[in-house]
Amino acid sequence: SCLSLVGVSFAGGPGDAPEALVKPLYTISILGSNFQFSENRHWKNGGGLSLGLAYNMTNALSLEFVASEFSARQSRGNKKNINGEYLTFNGLYYFRSDSAFEPYLSAGIGALHTNKPSNDNPNSQINLGVGAGISYAVTPLIGLRVGLNDYYNTTGSSNNDTAIHAGVSFSFGDRENATEEAPGIVGKTETTGEGLLLPVAAPKPKPETKKSLKKTAPKPASAKPLAASVDGGVYN
């Protein structure tokens, strides 16, 4: 059965509000799933593995690409093995982005490909997906998550596949430093809304004028007058 995952980014310690205001830039998720296939496919339910990479735009919003592999068996006829992949691109919204526990909703588009067609369905299908779940930050960089996804396949028979998935996520990348080191940005940022960092523009240097150059020009050293000595010589 197939597995799909929704990336999770974490910013907090267990049971407490997270110390870091800004989440890491990226999250890698590794999940195991139990897939419930549509009855129209005539497949037995099975399991699989998924790997997802998420880009955390803000504390509350993330985008994630997921590659999932699964295996199943036909429930009729010669009961051959079925192998396939789900590729999905999802958007995620976290409702409590300042807490260790983060409920979320997800939605996206994807594609399914199998080595054998199911019933009157083609080997490759386009699907729309929605999901919901919760993530828990064990540390600011490591988290656990569980969720449910539903996939509506728009080609072939109207098949709805669902998956219960659970796994671990690893976050990395310093968003604050990445913003500060960007060209043309001063070494500080402002935080607004859901943890979104806005760069503070570097002040433009004032053009130098003749007047300013005149004020800053060094004054020439004053020469001391020479005085004549009694014997006709000179001394300072």
# chains A, B, ... in the order shown; residues from 1 in each chain; ligands from 1

$ residues_around --residues "A:Glu85" --least-positions-apart "5" --cutoff "12 Å" --atoms "only C-alpha atoms" --output "list in words"
Ser1, Cys2, Leu3, Ser4, Gly47, Gly48, Leu49, Ser50, Leu51, Val66, Ala67, Ser68, Glu69, Phe70, Ser71, Ala72, Gly110, Ala111, Leu112, His113, Thr114, Asn115, Lys116, Asn123, Ser124, Gln125 and Ile126 of chain A

$ write_last_selection --atoms "N, CA and C atoms" --output "mmCIF file, in the first residue's frame"
data_model
loop_
_atom_site.group_PDB
_atom_site.id
_atom_site.type_symbol
_atom_site.label_atom_id
_atom_site.label_comp_id
_atom_site.auth_asym_id
_atom_site.auth_seq_id
_atom_site.Cartn_x
_atom_site.Cartn_y
_atom_site.Cartn_z
ATOM 1 N N SER A 1 0.832 -1.170 0.000
ATOM 2 C CA SER A 1 0.000 0.000 0.000
ATOM 3 C C SER A 1 0.874 1.230 0.000
ATOM 4 N N CYS A 2 0.333 2.346 -0.395
ATOM 5 C CA CYS A 2 1.161 3.526 -0.661
ATOM 6 C C CYS A 2 1.259 4.427 0.530
ATOM 7 N N LEU A 3 2.245 5.174 0.518
ATOM 8 C CA LEU A 3 2.488 6.064 1.624
ATOM 9 C C LEU A 3 2.734 7.456 1.118
ATOM 10 N N SER A 4 2.095 8.379 1.726
ATOM 11 C CA SER A 4 2.360 9.758 1.354
ATOM 12 C C SER A 4 2.621 10.529 2.614
ATOM 13 N N GLY A 47 1.327 -1.556 2.613
ATOM 14 C CA GLY A 47 2.134 -0.515 3.238
ATOM 15 C C GLY A 47 3.268 -0.062 2.341
ATOM 16 N N GLY A 48 3.973 0.959 2.776
ATOM 17 C CA GLY A 48 5.089 1.478 1.994
ATOM 18 C C GLY A 48 5.891 2.498 2.772
ATOM 19 N N LEU A 49 6.793 3.163 2.084
ATOM 20 C CA LEU A 49 7.663 4.179 2.679
ATOM 21 C C LEU A 49 7.637 5.436 1.825
ATOM 22 N N SER A 50 7.854 6.591 2.476
ATOM 23 C CA SER A 50 7.887 7.862 1.765
ATOM 24 C C SER A 50 9.033 8.723 2.260
ATOM 25 N N LEU A 51 9.486 9.591 1.359
ATOM 26 C CA LEU A 51 10.510 10.570 1.691
ATOM 27 C C LEU A 51 10.030 11.931 1.200
ATOM 28 N N VAL A 66 6.861 15.165 -2.147
ATOM 29 C CA VAL A 66 6.904 13.841 -1.523
ATOM 30 C C VAL A 66 7.006 12.752 -2.586
ATOM 31 N N ALA A 67 7.928 11.834 -2.378
ATOM 32 C CA ALA A 67 8.058 10.646 -3.230
ATOM 33 C C ALA A 67 7.747 9.422 -2.374
ATOM 34 N N SER A 68 6.741 8.635 -2.785
ATOM 35 C CA SER A 68 6.289 7.479 -2.010
ATOM 36 C C SER A 68 6.318 6.224 -2.875
ATOM 37 N N GLU A 69 6.712 5.118 -2.259
ATOM 38 C CA GLU A 69 6.641 3.822 -2.941
ATOM 39 C C GLU A 69 5.733 2.902 -2.140
ATOM 40 N N PHE A 70 5.037 1.996 -2.850
ATOM 41 C CA PHE A 70 4.137 1.075 -2.150
ATOM 42 C C PHE A 70 4.078 -0.252 -2.886
ATOM 43 N N SER A 71 3.585 -1.256 -2.187
ATOM 44 C CA SER A 71 3.345 -2.570 -2.779
ATOM 45 C C SER A 71 2.002 -3.088 -2.282
ATOM 46 N N ALA A 72 1.297 -3.787 -3.152
ATOM 47 C CA ALA A 72 -0.007 -4.350 -2.810
ATOM 48 C C ALA A 72 -0.185 -5.643 -3.614
ATOM 49 N N GLY A 110 -0.919 15.600 -7.325
ATOM 50 C CA GLY A 110 0.103 14.569 -7.478
ATOM 51 C C GLY A 110 -0.204 13.622 -8.622
ATOM 52 N N ALA A 111 0.601 12.559 -8.696
ATOM 53 C CA ALA A 111 0.444 11.549 -9.737
ATOM 54 C C ALA A 111 0.721 10.175 -9.146
ATOM 55 N N LEU A 112 -0.006 9.195 -9.644
ATOM 56 C CA LEU A 112 0.161 7.796 -9.243
ATOM 57 C C LEU A 112 0.608 6.992 -10.461
ATOM 58 N N HIS A 113 1.612 6.129 -10.260
ATOM 59 C CA HIS A 113 2.049 5.239 -11.336
ATOM 60 C C HIS A 113 2.212 3.832 -10.773
ATOM 61 N N THR A 114 1.685 2.826 -11.489
ATOM 62 C CA THR A 114 1.776 1.430 -11.056
ATOM 63 C C THR A 114 2.301 0.561 -12.196
ATOM 64 N N ASN A 115 2.823 -0.614 -11.838
ATOM 65 C CA ASN A 115 3.343 -1.521 -12.857
ATOM 66 C C ASN A 115 2.238 -2.272 -13.585
ATOM 67 N N LYS A 116 1.014 -2.289 -12.991
ATOM 68 C CA LYS A 116 -0.124 -2.945 -13.629
ATOM 69 C C LYS A 116 -1.358 -2.066 -13.447
ATOM 70 N N ASN A 123 -2.298 2.927 -16.014
ATOM 71 C CA ASN A 123 -1.147 2.767 -15.126
ATOM 72 C C ASN A 123 -0.768 4.064 -14.417
ATOM 73 N N SER A 124 -1.006 5.197 -15.075
ATOM 74 C CA SER A 124 -0.660 6.503 -14.490
ATOM 75 C C SER A 124 -1.928 7.328 -14.317
ATOM 76 N N GLN A 125 -2.069 7.967 -13.154
ATOM 77 C CA GLN A 125 -3.245 8.768 -12.841
ATOM 78 C C GLN A 125 -2.847 10.061 -12.145
ATOM 79 N N ILE A 126 -3.603 11.122 -12.416
ATOM 80 C CA ILE A 126 -3.448 12.399 -11.721
ATOM 81 C C ILE A 126 -4.409 12.423 -10.538
#

$ atom_distance --atom1 "atom CA of A:Phe95" --atom2 "atom CA of A:Phe65"
20.7 Å

$ residues_around --residues "A:Arg76" --least-positions-apart "2" --cutoff "12 Å" --atoms "only C-alpha atoms" --output "ChimeraX atom specification"
/A:39-44,73-74,78-81,118-119

$ closest_residue --among "A:Val130, A:Ser135, A:Asn121, A:Ile28" --to "A:Tyr104" --atoms "only C-alpha atoms"
A:Ser135

$ atom_distance --atom1 "atom CA of A:Tyr26" --atom2 "atom CA of A:Leu53"
7.1 Å

$ closest_residue --among "A:Gly52, A:Pro122, A:Gly108, A:Gly131" --to "A:Thr155" --atoms "only C-alpha atoms"
A:Pro122

$ residues_around --residues "A:Gly143" --least-positions-apart "2" --cutoff "9 Å" --atoms "only C-alpha atoms" --output "ChimeraX atom specification"
/A:8-10,135-141,145,167-171

$ atom_distance --atom1 "atom CA of A:Tyr93" --atom2 "atom CA of A:Asn45"
28.9 Å
